[in-house]
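Student: Please find protein-v1.txt (compact mmCIF, C-alpha atoms) on the next line:
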```
# COMPACT_ATOMS: atom_id res chain seq x y z
CA MET A 1 58.16 98.96 98.11
CA THR A 2 61.25 101.18 97.83
CA ALA A 3 64.89 100.37 98.49
CA GLU A 4 64.43 101.89 101.93
CA GLU A 5 61.39 99.73 102.77
CA PRO A 6 62.64 96.15 103.04
CA GLU A 7 59.99 93.64 104.00
CA GLY A 8 59.52 93.06 107.72
CA ARG A 9 61.23 96.12 109.19
CA LEU A 10 60.98 99.87 109.27
CA PRO A 11 64.38 101.36 108.35
CA ALA A 12 65.18 104.42 110.46
CA ASP A 13 68.56 105.10 108.79
CA ARG A 14 69.70 105.86 105.28
CA GLU A 15 70.05 102.79 103.10
CA SER A 16 71.13 104.39 99.80
CA PRO A 17 74.86 105.09 99.26
CA VAL A 18 76.42 108.02 101.14
CA GLY A 19 76.53 111.14 98.98
CA HIS A 20 74.14 109.75 96.37
CA PRO A 21 71.45 112.35 95.43
CA VAL A 22 68.41 110.08 95.78
CA VAL A 23 66.12 112.89 96.92
CA ARG A 24 68.03 115.87 95.53
CA GLY A 25 68.01 114.24 92.10
CA ASP A 26 64.27 113.55 92.06
CA PRO A 27 62.64 116.20 89.82
CA GLN A 28 59.23 115.59 91.43
CA VAL A 29 60.66 116.73 94.76
CA THR A 30 63.27 119.37 93.94
CA GLY A 31 62.76 120.22 90.28
CA GLN A 32 66.33 119.09 89.59
CA ARG A 33 67.16 116.38 87.08
CA PRO A 34 69.39 113.56 88.35
CA ASP A 35 72.31 114.85 86.28
CA GLU A 36 71.97 118.31 87.88
CA ALA A 37 72.27 117.06 91.45
CA VAL A 38 75.80 116.96 92.85
CA GLN A 39 76.96 113.49 93.89
CA PHE A 40 79.76 112.91 96.39
CA ASP A 41 81.68 109.65 96.24
CA PRO A 42 83.77 109.16 99.40
CA ASP A 43 85.97 106.64 97.56
CA ASP A 44 86.85 109.03 94.71
CA PRO A 45 89.62 111.54 95.58
CA GLU A 46 88.33 114.16 93.12
CA SER A 47 84.76 113.82 94.36
CA LEU A 48 85.98 113.96 97.95
CA ALA A 49 87.86 117.18 97.15
CA ARG A 50 84.56 118.64 95.88
CA ALA A 51 82.96 117.55 99.14
CA VAL A 52 85.62 119.46 101.08
CA GLU A 53 84.91 122.63 99.09
CA THR A 54 81.18 122.17 99.56
CA VAL A 55 81.51 121.65 103.32
CA ARG A 56 83.60 124.80 103.65
CA ALA A 57 81.10 126.87 101.67
CA PHE A 58 78.21 125.24 103.54
CA ALA A 59 79.72 126.04 106.95
CA ASP A 60 80.28 129.65 105.87
CA ASN A 61 76.75 130.15 104.53
CA THR A 62 74.29 128.14 106.64
CA ALA A 63 73.10 131.07 108.76
CA GLY A 64 69.93 132.48 107.30
CA ASN A 65 69.96 130.22 104.24
CA GLU A 66 66.49 128.84 103.54
CA ASP A 67 67.36 126.76 100.46
CA ASN A 68 66.52 123.22 101.56
CA VAL A 69 68.28 121.60 98.60
CA PHE A 70 71.40 123.62 99.45
CA MET A 71 71.15 122.28 103.01
CA LEU A 72 70.74 118.68 101.85
CA ARG A 73 73.70 119.03 99.48
CA GLY A 74 75.82 120.35 102.34
CA ALA A 75 74.68 117.49 104.55
CA ALA A 76 75.64 115.01 101.82
CA ALA A 77 79.07 116.57 101.53
CA CYS A 78 79.56 116.34 105.30
CA ALA A 79 78.60 112.66 105.34
CA ALA A 80 80.82 111.83 102.35
CA LEU A 81 83.75 113.65 103.93
CA VAL A 82 83.33 111.71 107.18
CA ARG A 83 83.17 108.43 105.27
CA GLY A 84 86.17 109.33 103.15
CA GLU A 85 88.34 110.58 106.02
CA GLY A 86 87.25 107.94 108.50
CA SER A 87 86.08 110.13 111.41
CA TYR A 88 84.33 113.37 112.31
CA LYS A 89 87.58 114.75 113.66
CA ALA A 90 89.56 114.01 110.50
CA ALA A 91 86.75 115.45 108.37
CA ALA A 92 86.70 118.67 110.39
CA GLU A 93 90.48 118.99 110.21
CA ARG A 94 90.46 118.65 106.43
CA ALA A 95 87.57 121.08 105.93
CA GLY A 96 88.88 123.60 108.43
CA GLY A 97 87.34 126.96 109.33
CA PRO A 98 83.84 126.94 110.84
CA ALA A 99 83.29 123.30 109.86
CA THR A 100 83.73 121.95 113.39
CA VAL A 101 83.30 118.36 114.53
CA ALA A 102 79.88 119.25 116.00
CA PHE A 103 78.80 120.94 112.76
CA ILE A 104 79.80 118.02 110.57
CA ARG A 105 78.30 115.46 112.95
CA LYS A 106 74.90 117.23 113.03
CA TRP A 107 74.58 117.54 109.27
CA SER A 108 75.92 114.04 108.59
CA ARG A 109 73.09 112.75 110.76
CA VAL A 110 70.58 114.65 108.63
CA HIS A 111 72.01 112.92 105.55
CA ASP A 112 71.54 109.62 107.42
CA LEU A 113 67.79 110.15 107.91
CA PRO A 114 65.54 107.76 105.95
CA GLN A 115 64.35 108.87 102.53
CA SER A 116 60.72 109.28 103.62
CA ILE A 117 61.81 112.05 106.03
CA ARG A 118 64.40 113.64 103.74
CA ARG A 119 61.78 114.09 101.03
CA HIS A 120 59.78 116.37 103.36
CA VAL A 121 62.95 118.34 104.10
CA ALA A 122 63.57 118.81 100.38
CA ARG A 123 59.99 119.97 99.86
CA GLY A 124 60.32 122.57 102.59
CA GLU A 125 57.76 120.86 104.85
CA ILE A 126 60.35 120.09 107.52
CA ALA A 127 62.96 122.78 108.15
CA PRO A 128 66.56 121.53 107.85
CA THR A 129 67.24 123.00 111.31
CA ALA A 130 64.37 120.89 112.67
CA ALA A 131 65.72 117.84 110.81
CA LYS A 132 68.98 118.20 112.77
CA HIS A 133 67.05 117.57 115.98
CA ILE A 134 64.97 114.75 114.48
CA ALA A 135 68.27 113.09 113.56
CA ARG A 136 69.36 113.19 117.22
CA VAL A 137 66.87 110.44 118.11
CA SER A 138 66.89 106.90 116.76
CA GLY A 139 64.63 104.14 115.54
CA GLU A 140 60.89 104.73 115.16
CA SER A 141 61.21 107.90 117.24
CA ARG A 142 62.63 109.60 114.15
CA PHE A 143 59.48 108.89 112.17
CA LEU A 144 57.11 109.78 114.99
CA LEU A 145 58.82 113.11 115.62
CA ALA A 146 58.99 113.93 111.91
CA TRP A 147 55.29 113.17 111.38
CA ALA A 148 54.42 115.27 114.42
CA VAL A 149 56.23 118.19 112.77
CA LEU A 150 54.01 117.75 109.70
CA ASP A 151 50.79 117.32 111.67
CA HIS A 152 51.29 120.17 114.13
CA ASP A 153 53.71 122.52 112.35
CA LEU A 154 56.09 122.33 115.31
CA THR A 155 58.64 125.10 115.71
CA VAL A 156 62.33 124.28 115.71
CA ARG A 157 62.38 125.07 119.44
CA GLU A 158 59.56 122.58 120.07
CA VAL A 159 61.32 119.91 118.00
CA ARG A 160 64.55 120.52 119.93
CA SER A 161 62.75 120.27 123.28
CA THR A 162 60.94 117.09 122.27
CA ALA A 163 64.12 115.48 120.92
CA SER A 164 65.94 116.31 124.16
CA ARG A 165 63.20 114.64 126.21
CA VAL A 166 63.30 111.56 123.99
CA SER A 167 67.10 111.41 124.29
CA ASP A 168 66.62 111.51 128.07
CA GLY A 169 64.42 108.42 127.93
CA GLU A 170 60.86 109.68 127.40
CA SER A 171 58.64 108.22 124.71
CA VAL A 172 57.73 110.46 121.80
CA PRO A 173 54.03 110.62 122.83
CA ASP A 174 54.99 111.69 126.37
CA ALA A 175 57.57 114.18 125.12
CA LEU A 176 55.05 115.73 122.73
CA ARG A 177 52.43 116.02 125.46
CA ALA A 178 54.97 117.98 127.50
CA VAL A 179 55.03 120.65 124.78
CA GLY A 180 51.26 120.58 124.26
CA TYR A 181 50.67 118.18 121.36
CA SER A 182 49.27 114.70 120.80
CA LEU A 183 50.66 112.03 118.52
CA GLY A 184 48.54 110.51 115.76
CA SER A 185 46.03 113.33 115.43
CA VAL A 186 45.41 113.94 111.71
CA ALA A 187 42.69 116.06 110.07
CA LEU A 188 41.22 114.47 106.94
CA SER A 189 39.32 116.07 104.06
CA LEU A 190 37.18 113.48 102.27
CA PRO A 191 34.92 113.62 99.20
CA PRO A 192 31.27 113.85 100.32
CA SER A 193 30.45 110.36 98.99
CA THR A 194 33.36 108.80 100.91
CA TYR A 195 32.47 110.75 104.04
CA LEU A 196 28.85 109.57 103.78
CA GLN A 197 29.86 105.91 103.53
CA LEU A 198 32.44 106.24 106.31
CA ARG A 199 29.88 107.66 108.73
CA ARG A 200 27.30 105.07 107.69
CA GLN A 201 29.65 102.12 108.20
CA ALA A 202 30.82 103.46 111.57
CA SER A 203 27.22 103.74 112.72
CA LEU A 204 26.19 100.29 111.46
CA HIS A 205 29.19 98.65 113.16
CA ASP A 206 28.95 100.70 116.37
CA GLN A 207 32.52 101.85 115.79
CA ASP A 208 34.06 105.29 116.12
CA ILE A 209 35.51 107.03 113.06
CA ASP A 210 39.10 106.84 114.31
CA GLY A 211 38.91 103.08 114.77
CA LEU A 212 37.30 102.48 111.39
CA VAL A 213 39.88 104.58 109.56
CA ALA A 214 42.72 102.90 111.46
CA ASP A 215 41.40 99.44 110.48
CA ALA A 216 41.07 100.49 106.84
CA VAL A 217 44.58 101.93 106.73
CA ASP A 218 46.04 98.80 108.39
CA THR A 219 44.31 96.63 105.80
CA TYR A 220 45.65 98.82 102.99
CA LEU A 221 49.22 98.75 104.32
CA ASP A 222 49.12 94.99 104.82
CA GLY A 223 48.03 94.49 101.21
CA ASP A 224 49.09 95.88 97.86
CA GLY A 225 49.22 99.44 99.19
CA ARG A 226 52.24 98.70 101.35
```
Just dump the structure as structure tokens.
Tutor:
Amino acid sequence: MTAEEPEGRLPADRESPVGHPVVRGDPQVTGQRPDEAVQFDPDDPESLARAVETVRAFADNTAGNEDNVFMLRGAAACAALVRGEGSYKAAAERAGGPATVAFIRKWSRVHDLPQSIRRHVARGEIAPTAAKHIARVSGESRFLLAWAVLDHDLTVREVRSTASRVSDGESVPDALRAVGYSLGSVALSLPPSTYLQLRRQASLHDQDIDGLVADAVDTYLDGDGR
């Protein structure tokens, strides 16, 4: 169980300190050592000054930039600047230039996503521009929309449309159906021996494959595999 997986609830917001490079400093995800990842401390004036410089550079260079770690660093700087200055407006005023209130708010929300989603952003499996729209929704909807991106390779436009529908009150499954996708559909590749036993057990228990796999996963998550 990680720091972002407390027992009994599913955290849909960041739980590690603002500006701390939890994902960016994980070499298994980004290739960076912890000491190479920039940390922003909103309570340290010098660190906050670095955040201001980073936000300005980030706002000037986001268009066309495909470096996901660069995006996450910029998002961290935005969030630290908001925390340090006390509001989106004050943060935008200090950063100046193209770093508008809307810009800083969107990227701060990306920084606020739970670690399990941010790791996929850092790996390049969820585009940072798609993460901005995932961050617009709240609660479990964040996870459901993020996993749908992984399962169906949704475009940024499809993520934006789905997030808008969810914000308007639709459930994630209904919003996904509106753009032509289903929730919870996952293709599995199993070793032949596992596949053989899975099919055999499903037949013996008169159960479909989906139900048997779901029961097995639930049992795993309720036990030591949680």
Student: Which one is closest to Ala92 (chain A): A:Arg56, A:Arg50, A:His120, A:Arg33? Count all atoms listed in the file.
Tutor: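 Of A:Arg56, A:Arg50, A:His120, A:Arg33, the one nearest Ala92 (chain A) is A:Arg56, counting all atoms listed in the file.
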Student: Got a sec: who's within 10 Å of Asp112 (chain A), counting only C-alpha atoms, leaving out chain neighbours fewer than 5 positions off, as a list in words?
Tutor: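 The residues satisfying every condition are Ala12, Asp13, Arg14, Glu15, Ser16, Pro17, Val18, Gly19, Ala75, Ala76, Ala79, Trp107, Arg118 and Ala135 of chain A.
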Student: Give me, please, the distance in Å between CA of Arg200 (chain A) and CA of Leu188 (chain A), quoted to one decimal.
Tutor: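 Separation of CA of Arg200 (chain A) and CA of Leu188 (chain A): 16.8 Å.
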Student: Between CA of Asp151 (chain A) and CA of Leu221 (chain A), what is the distance, to one decimal in Å?
Tutor: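 Distance reported for this atom pair: 20.0 Å.
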Student: Quick one, how far is CA of Pro191 (chain A) from CA of Asp208 (chain A)?
Tutor: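 CA of Asp208 (chain A) lies at a distance of 18.9 Å from CA of Pro191 (chain A).
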Student: Which is closest to Gly86 (chain A) among A:Gly74, A:Pro42, A:Ser203, A:Pro114, if we use all atoms listed in the file?
Tutor: A:Pro42
